[in-house]
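Data file: work.cif. Format and content: mmCIF, C-alpha atoms.
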data_input
loop_
_atom_site.group_PDB
_atom_site.id
_atom_site.type_symbol
_atom_site.label_atom_id
_atom_site.label_comp_id
_atom_site.auth_asym_id
_atom_site.auth_seq_id
_atom_site.Cartn_x
_atom_site.Cartn_y
_atom_site.Cartn_z
ATOM 1 C CA MET A 1034 -9.173 -59.725 -1.053
ATOM 2 C CA THR A 1035 -6.455 -57.467 0.329
ATOM 3 C CA VAL A 1036 -3.109 -57.074 -1.408
ATOM 4 C CA MET A 1037 -0.048 -55.818 0.462
ATOM 5 C CA LEU A 1038 2.786 -54.217 -1.491
ATOM 6 C CA GLU A 1039 5.930 -54.057 0.602
ATOM 7 C CA HIS A 1040 8.564 -51.334 0.308
ATOM 8 C CA ARG A 1041 11.336 -51.953 2.832
ATOM 9 C CA THR A 1042 14.365 -50.182 1.371
ATOM 10 C CA ILE A 1043 14.592 -47.750 4.313
ATOM 11 C CA ASP A 1044 14.390 -48.660 7.988
ATOM 12 C CA SER A 1045 11.123 -48.120 9.874
ATOM 13 C CA GLY A 1046 10.985 -44.870 11.824
ATOM 14 C CA ASP A 1047 12.913 -42.950 9.168
ATOM 15 C CA PRO A 1048 10.694 -40.155 7.774
ATOM 16 C CA ARG A 1049 12.243 -40.782 4.350
ATOM 17 C CA ARG A 1050 10.659 -44.214 4.339
ATOM 18 C CA PHE A 1051 7.172 -42.825 4.838
ATOM 19 C CA GLU A 1052 7.762 -40.280 2.084
ATOM 20 C CA GLU A 1053 8.945 -43.100 -0.171
ATOM 21 C CA LEU A 1054 5.715 -44.993 0.498
ATOM 22 C CA CYS A 1055 3.666 -41.878 -0.256
ATOM 23 C CA THR A 1056 5.517 -41.406 -3.535
ATOM 24 C CA ALA A 1057 4.980 -45.046 -4.472
ATOM 25 C CA LEU A 1058 1.304 -44.679 -3.663
ATOM 26 C CA ASP A 1059 1.084 -41.567 -5.864
ATOM 27 C CA GLU A 1060 2.438 -43.610 -8.763
ATOM 28 C CA LEU A 1061 0.303 -46.672 -8.118
ATOM 29 C CA ASN A 1062 -2.422 -47.423 -10.660
ATOM 30 C CA VAL A 1063 -5.219 -48.663 -8.386
ATOM 31 C CA PRO A 1064 -7.876 -50.733 -10.217
ATOM 32 C CA ASP A 1065 -11.456 -49.489 -10.266
ATOM 33 C CA GLY A 1066 -13.331 -50.677 -7.209
ATOM 34 C CA PHE A 1067 -10.242 -50.686 -4.969
ATOM 35 C CA LYS A 1068 -8.536 -48.212 -2.658
ATOM 36 C CA ALA A 1069 -4.946 -48.007 -1.435
ATOM 37 C CA GLU A 1070 -3.717 -47.022 2.029
ATOM 38 C CA ILE A 1071 -0.434 -47.018 3.957
ATOM 39 C CA ILE A 1072 -0.808 -49.362 6.920
ATOM 40 C CA ARG A 1073 1.954 -50.700 9.189
ATOM 41 C CA GLY A 1074 4.718 -49.860 6.733
ATOM 42 C CA ASN A 1075 2.997 -51.338 3.681
ATOM 43 C CA ILE A 1076 0.817 -50.156 0.836
ATOM 44 C CA VAL A 1077 -2.424 -52.080 1.214
ATOM 45 C CA VAL A 1078 -4.908 -52.329 -1.677
ATOM 46 C CA SER A 1079 -8.403 -53.466 -0.683
ATOM 47 C CA PRO A 1080 -11.789 -53.605 -2.426
ATOM 48 C CA TRP A 1081 -14.538 -51.073 -1.878
ATOM 49 C CA SER A 1082 -17.331 -52.306 0.337
ATOM 50 C CA LYS A 1083 -20.802 -53.698 -0.317
ATOM 51 C CA ALA A 1084 -23.347 -51.485 -2.052
ATOM 52 C CA TYR A 1085 -25.569 -50.941 1.004
ATOM 53 C CA TYR A 1086 -22.617 -49.317 2.789
ATOM 54 C CA LEU A 1087 -23.205 -46.324 0.497
ATOM 55 C CA ASP A 1088 -26.683 -45.884 1.973
ATOM 56 C CA VAL A 1089 -25.276 -46.039 5.508
ATOM 57 C CA MET A 1090 -22.644 -43.448 4.630
ATOM 58 C CA ASP A 1091 -25.333 -41.162 3.186
ATOM 59 C CA LEU A 1092 -27.401 -41.524 6.373
ATOM 60 C CA ILE A 1093 -24.387 -40.483 8.445
ATOM 61 C CA CYS A 1094 -23.463 -37.537 6.212
ATOM 62 C CA ASP A 1095 -27.064 -36.269 6.157
ATOM 63 C CA GLN A 1096 -27.263 -36.318 9.956
ATOM 64 C CA LEU A 1097 -23.859 -34.753 10.601
ATOM 65 C CA ARG A 1098 -23.956 -32.008 7.975
ATOM 66 C CA PRO A 1099 -25.959 -29.528 10.156
ATOM 67 C CA HIS A 1100 -23.475 -29.995 13.024
ATOM 68 C CA LEU A 1101 -20.113 -29.526 11.289
ATOM 69 C CA PRO A 1102 -17.522 -27.177 12.770
ATOM 70 C CA ASP A 1103 -17.305 -23.829 10.992
ATOM 71 C CA GLY A 1104 -15.474 -24.094 7.686
ATOM 72 C CA HIS A 1105 -15.518 -27.894 7.649
ATOM 73 C CA ARG A 1106 -16.966 -30.132 4.945
ATOM 74 C CA ILE A 1107 -18.114 -33.764 5.059
ATOM 75 C CA SER A 1108 -17.634 -36.290 2.281
ATOM 76 C CA SER A 1109 -17.573 -39.991 1.520
ATOM 77 C CA ALA A 1110 -15.627 -39.469 -1.709
ATOM 78 C CA PRO A 1111 -12.288 -41.301 -1.982
ATOM 79 C CA ALA A 1112 -9.448 -39.284 -0.434
ATOM 80 C CA LEU A 1113 -6.048 -40.092 1.051
ATOM 81 C CA TYR A 1114 -5.114 -38.379 4.326
ATOM 82 C CA VAL A 1115 -1.504 -38.664 5.438
ATOM 83 C CA PHE A 1116 -0.248 -38.767 9.029
ATOM 84 C CA PRO A 1117 3.564 -38.544 8.929
ATOM 85 C CA GLY A 1118 3.848 -38.604 12.734
ATOM 86 C CA VAL A 1119 2.441 -42.137 12.853
ATOM 87 C CA GLU A 1120 3.586 -43.128 9.334
ATOM 88 C CA ARG A 1121 0.087 -43.856 8.064
ATOM 89 C CA GLY A 1122 -1.931 -42.856 5.019
ATOM 90 C CA TYR A 1123 -5.639 -43.674 5.297
ATOM 91 C CA GLY A 1124 -8.628 -43.315 3.003
ATOM 92 C CA PRO A 1125 -11.507 -43.092 5.509
ATOM 93 C CA ASP A 1126 -15.016 -44.026 4.392
ATOM 94 C CA ILE A 1127 -16.303 -40.676 5.695
ATOM 95 C CA HIS A 1128 -14.175 -37.660 6.473
ATOM 96 C CA VAL A 1129 -14.888 -34.232 7.932
ATOM 97 C CA ALA A 1130 -12.110 -31.720 7.364
ATOM 98 C CA ASP A 1131 -11.427 -28.017 7.145
ATOM 99 C CA ARG A 1132 -12.149 -26.864 3.598
ATOM 100 C CA ARG A 1133 -8.631 -25.409 3.394
ATOM 101 C CA THR A 1134 -7.271 -28.955 3.670
ATOM 102 C CA ARG A 1135 -8.770 -29.714 0.261
ATOM 103 C CA ARG A 1136 -7.435 -26.614 -1.461
ATOM 104 C CA THR A 1137 -4.433 -28.392 -2.961
ATOM 105 C CA GLU A 1138 -3.449 -30.024 -6.218
ATOM 106 C CA SER A 1139 -1.788 -32.867 -4.340
ATOM 107 C CA ARG A 1140 -3.404 -36.303 -4.100
ATOM 108 C CA ARG A 1141 -2.458 -36.324 -0.405
ATOM 109 C CA LEU A 1142 -4.451 -34.397 2.181
ATOM 110 C CA ASP A 1143 -3.112 -33.230 5.538
ATOM 111 C CA GLY A 1144 -4.589 -35.354 8.325
ATOM 112 C CA GLU A 1145 -4.262 -32.433 10.754
ATOM 113 C CA GLY A 1146 -7.253 -30.780 9.069
ATOM 114 C CA LEU A 1147 -9.645 -33.558 10.116
ATOM 115 C CA SER A 1148 -12.299 -33.186 12.805
ATOM 116 C CA LEU A 1149 -13.895 -36.616 12.284
ATOM 117 C CA VAL A 1150 -13.272 -39.848 10.423
ATOM 118 C CA ALA A 1151 -15.638 -42.782 10.107
ATOM 119 C CA GLU A 1152 -14.874 -46.322 9.023
ATOM 120 C CA LEU A 1153 -17.270 -49.140 8.161
ATOM 121 C CA THR A 1154 -15.619 -52.495 8.736
ATOM 122 C CA SER A 1155 -15.359 -55.151 6.060
ATOM 123 C CA PRO A 1156 -13.904 -58.665 6.419
ATOM 124 C CA SER A 1157 -10.666 -57.701 4.667
ATOM 125 C CA THR A 1158 -9.956 -54.588 6.765
ATOM 126 C CA ARG A 1159 -11.804 -55.200 10.050
ATOM 127 C CA ASP A 1160 -8.671 -55.795 12.127
ATOM 128 C CA VAL A 1161 -7.091 -52.601 10.812
ATOM 129 C CA ASP A 1162 -10.230 -50.557 11.580
ATOM 130 C CA LEU A 1163 -10.603 -52.025 15.087
ATOM 131 C CA VAL A 1164 -6.958 -51.909 16.156
ATOM 132 C CA ASP A 1165 -4.494 -50.008 13.979
ATOM 133 C CA LYS A 1166 -6.783 -47.113 13.091
ATOM 134 C CA VAL A 1167 -8.078 -46.668 16.645
ATOM 135 C CA GLU A 1168 -4.503 -46.230 17.832
ATOM 136 C CA SER A 1169 -3.215 -44.260 14.862
ATOM 137 C CA TYR A 1170 -6.102 -41.807 14.489
ATOM 138 C CA GLY A 1171 -5.875 -41.108 18.211
ATOM 139 C CA ARG A 1172 -2.111 -40.645 18.199
ATOM 140 C CA ALA A 1173 -2.448 -38.362 15.173
ATOM 141 C CA GLY A 1174 -4.902 -36.177 17.102
ATOM 142 C CA VAL A 1175 -8.091 -36.731 15.081
ATOM 143 C CA PRO A 1176 -10.767 -35.441 17.515
ATOM 144 C CA VAL A 1177 -13.503 -37.995 16.739
ATOM 145 C CA TYR A 1178 -13.338 -41.499 15.248
ATOM 146 C CA LEU A 1179 -16.647 -43.177 14.430
ATOM 147 C CA LEU A 1180 -16.344 -46.926 13.911
ATOM 148 C CA LEU A 1181 -19.213 -48.963 12.514
ATOM 149 C CA ASP A 1182 -18.665 -52.680 13.057
ATOM 150 C CA MET A 1183 -20.766 -54.092 10.233
ATOM 151 C CA GLU A 1184 -20.271 -57.674 11.449
ATOM 152 C CA GLU A 1185 -21.314 -56.979 15.041
ATOM 153 C CA ASP A 1186 -24.031 -54.423 14.108
ATOM 154 C CA SER A 1187 -22.625 -51.834 16.495
ATOM 155 C CA ALA A 1188 -21.404 -48.241 16.402
ATOM 156 C CA THR A 1189 -18.548 -46.931 18.540
ATOM 157 C CA VAL A 1190 -17.414 -43.337 18.894
ATOM 158 C CA TYR A 1191 -13.889 -42.593 20.141
ATOM 159 C CA TRP A 1192 -12.800 -39.196 21.416
ATOM 160 C CA SER A 1193 -10.158 -37.473 23.578
ATOM 161 C CA PRO A 1194 -7.102 -38.430 21.474
ATOM 162 C CA THR A 1195 -3.881 -39.228 23.319
ATOM 163 C CA SER A 1196 -0.377 -40.407 22.473
ATOM 164 C CA ARG A 1197 -1.646 -43.997 22.924
ATOM 165 C CA GLY A 1198 -4.937 -43.785 21.042
ATOM 166 C CA TYR A 1199 -8.201 -42.507 22.527
ATOM 167 C CA ALA A 1200 -9.044 -41.993 26.181
ATOM 168 C CA SER A 1201 -12.812 -42.374 25.806
ATOM 169 C CA HIS A 1202 -15.285 -44.394 23.783
ATOM 170 C CA LEU A 1203 -18.932 -45.415 23.748
ATOM 171 C CA THR A 1204 -20.620 -48.294 21.887
ATOM 172 C CA VAL A 1205 -24.285 -48.864 21.035
ATOM 173 C CA PRO A 1206 -26.016 -51.526 18.916
ATOM 174 C CA PHE A 1207 -27.430 -50.482 15.559
ATOM 175 C CA GLY A 1208 -30.893 -49.007 15.976
ATOM 176 C CA LYS A 1209 -29.932 -46.956 19.048
ATOM 177 C CA GLU A 1210 -28.831 -43.339 19.306
ATOM 178 C CA LEU A 1211 -25.149 -42.523 19.761
ATOM 179 C CA ARG A 1212 -24.090 -39.174 21.161
ATOM 180 C CA LEU A 1213 -21.115 -37.634 19.378
ATOM 181 C CA PRO A 1214 -18.860 -35.357 21.432
ATOM 182 C CA ALA A 1215 -17.502 -31.902 20.582
ATOM 183 C CA PRO A 1216 -16.923 -30.400 18.135
ATOM 184 C CA PHE A 1217 -20.175 -31.995 16.918
ATOM 185 C CA GLY A 1218 -22.298 -32.289 20.051
ATOM 186 C CA CYS A 1219 -25.151 -34.124 18.377
ATOM 187 C CA VAL A 1220 -26.965 -37.450 18.445
ATOM 188 C CA LEU A 1221 -26.494 -39.959 15.627
ATOM 189 C CA ASP A 1222 -29.462 -42.241 14.967
ATOM 190 C CA THR A 1223 -28.072 -45.614 13.828
ATOM 191 C CA THR A 1224 -31.413 -46.945 12.600
ATOM 192 C CA GLY A 1225 -31.009 -48.533 9.170
ATOM 193 C CA PHE A 1226 -27.271 -49.186 9.494
ATOM 194 C CA ASP A 1227 -27.655 -52.980 9.524
ATOM 195 C CA ALA A 1228 -27.494 -55.213 6.441
ATOM 196 C CA PRO A 1229 -30.678 -55.440 4.363
ATOM 197 C CA PHE A 1230 -32.759 -58.582 4.421
ATOM 198 C CA GLU A 1231 -33.257 -60.346 1.112
ATOM 199 C CA ASP A 1232 -36.871 -59.157 1.098
ATOM 200 C CA ASP A 1233 -35.633 -55.552 1.280
ATOM 201 C CA GLU A 1234 -33.670 -56.021 -1.940
ATOM 202 C CA GLU A 1235 -36.638 -57.108 -4.059
#
As structure tokens, what does this structure read like?
Amino acid sequence: MTVMLEHRTIDSGDPRRFEELCTALDELNVPDGFKAEIIRGNIVVSPWSKAYYLDVMDLICDQLRPHLPDGHRISSAPALYVFPGVERGYGPDIHVADRRTRRTESRRLDGEGLSLVAELTSPSTRDVDLVDKVESYGRAGVPVYLLLDMEEDSATVYWSPTSRGYASHLTVPFGKELRLPAPFGCVLDTTGFDAPFEDDEE
């Protein structure tokens, strides 16, 4: 289930409107098990993903940690990054950012400090991950966007951000290796990213 809370008191494109949404989000009491983001001019509250996604996120973090840019940290902890230039506020599943970005008492983190974001699709947010976030992360200048399509069992890396999104991307099925571009310059093994079989859960 995804809930959209609309705040349309100020016209789109006005920076005051985005700030109003950020303020409303700061004051929002999000239930346990849910996260809130600013997407397409709305505050969107959606549930956290299935439990096995946590294992996939750990596999990614473990592989990327030795290849982080100097001074950057990787985490899958809940965090809200704001992108005023594209009027978005996203809580990526995995985020790599300069440590200085986190040295604040604010609940909002500066999206300009990011070197990589990763999203794992879920039925309620898949369209946003595949369309809106590809465009918005690119326009905001995030160097690398890693998208795991959990329904199609595929991993896509986007790089070379432009004013229209990303200029380059590469997709592989789960189980194959995916090369991540600079500033990481490493290979991500996607083995074990697919959903567990019922026998695996016993």
For Asp1222 of chain A, please output as a PyMOL selection string all residues within 8 Å (counting all atoms listed in the file; exclusion window: fewer than 5 positions along the same chain).
-> chain A and resi 1208-1211
Could you give me the centre and size, in Å to one decimal, of an axis-aligned box around all listed atoms of segment 1072-1078 of chain A with 6 Å added on every side, as lines of an AutoDock Vina configuration file?
center_x = -0.1
center_y = -50.8
center_z = 3.8
size_x = 21.6
size_y = 15.0
size_z = 22.9
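Of note, atom CA of Leu1054 of chain A and atom CA of Asp1143 of chain A are spaced 15.5 Å apart.
For Phe1226 of chain A, the residues within 9 Å (counting all atoms listed in the file, excluding itself and residues fewer than 6 positions away along the chain) are Tyr1085, Tyr1086, Asp1088, Val1089, Met1090, Leu1092, Leu1181, Met1183, Asp1186, Ser1187, Phe1207 and Gly1208 of chain A.
You will find atom CA of Pro1216 of chain A at 11.1 Å from atom CA of Val1129 of chain A.
Comparing A:Ile1071, A:Val1077, A:Ala1057, A:Ala1228 by their smallest distance to Gly1122 of chain A, the closest is A:Ile1071 (using only C-alpha atoms).
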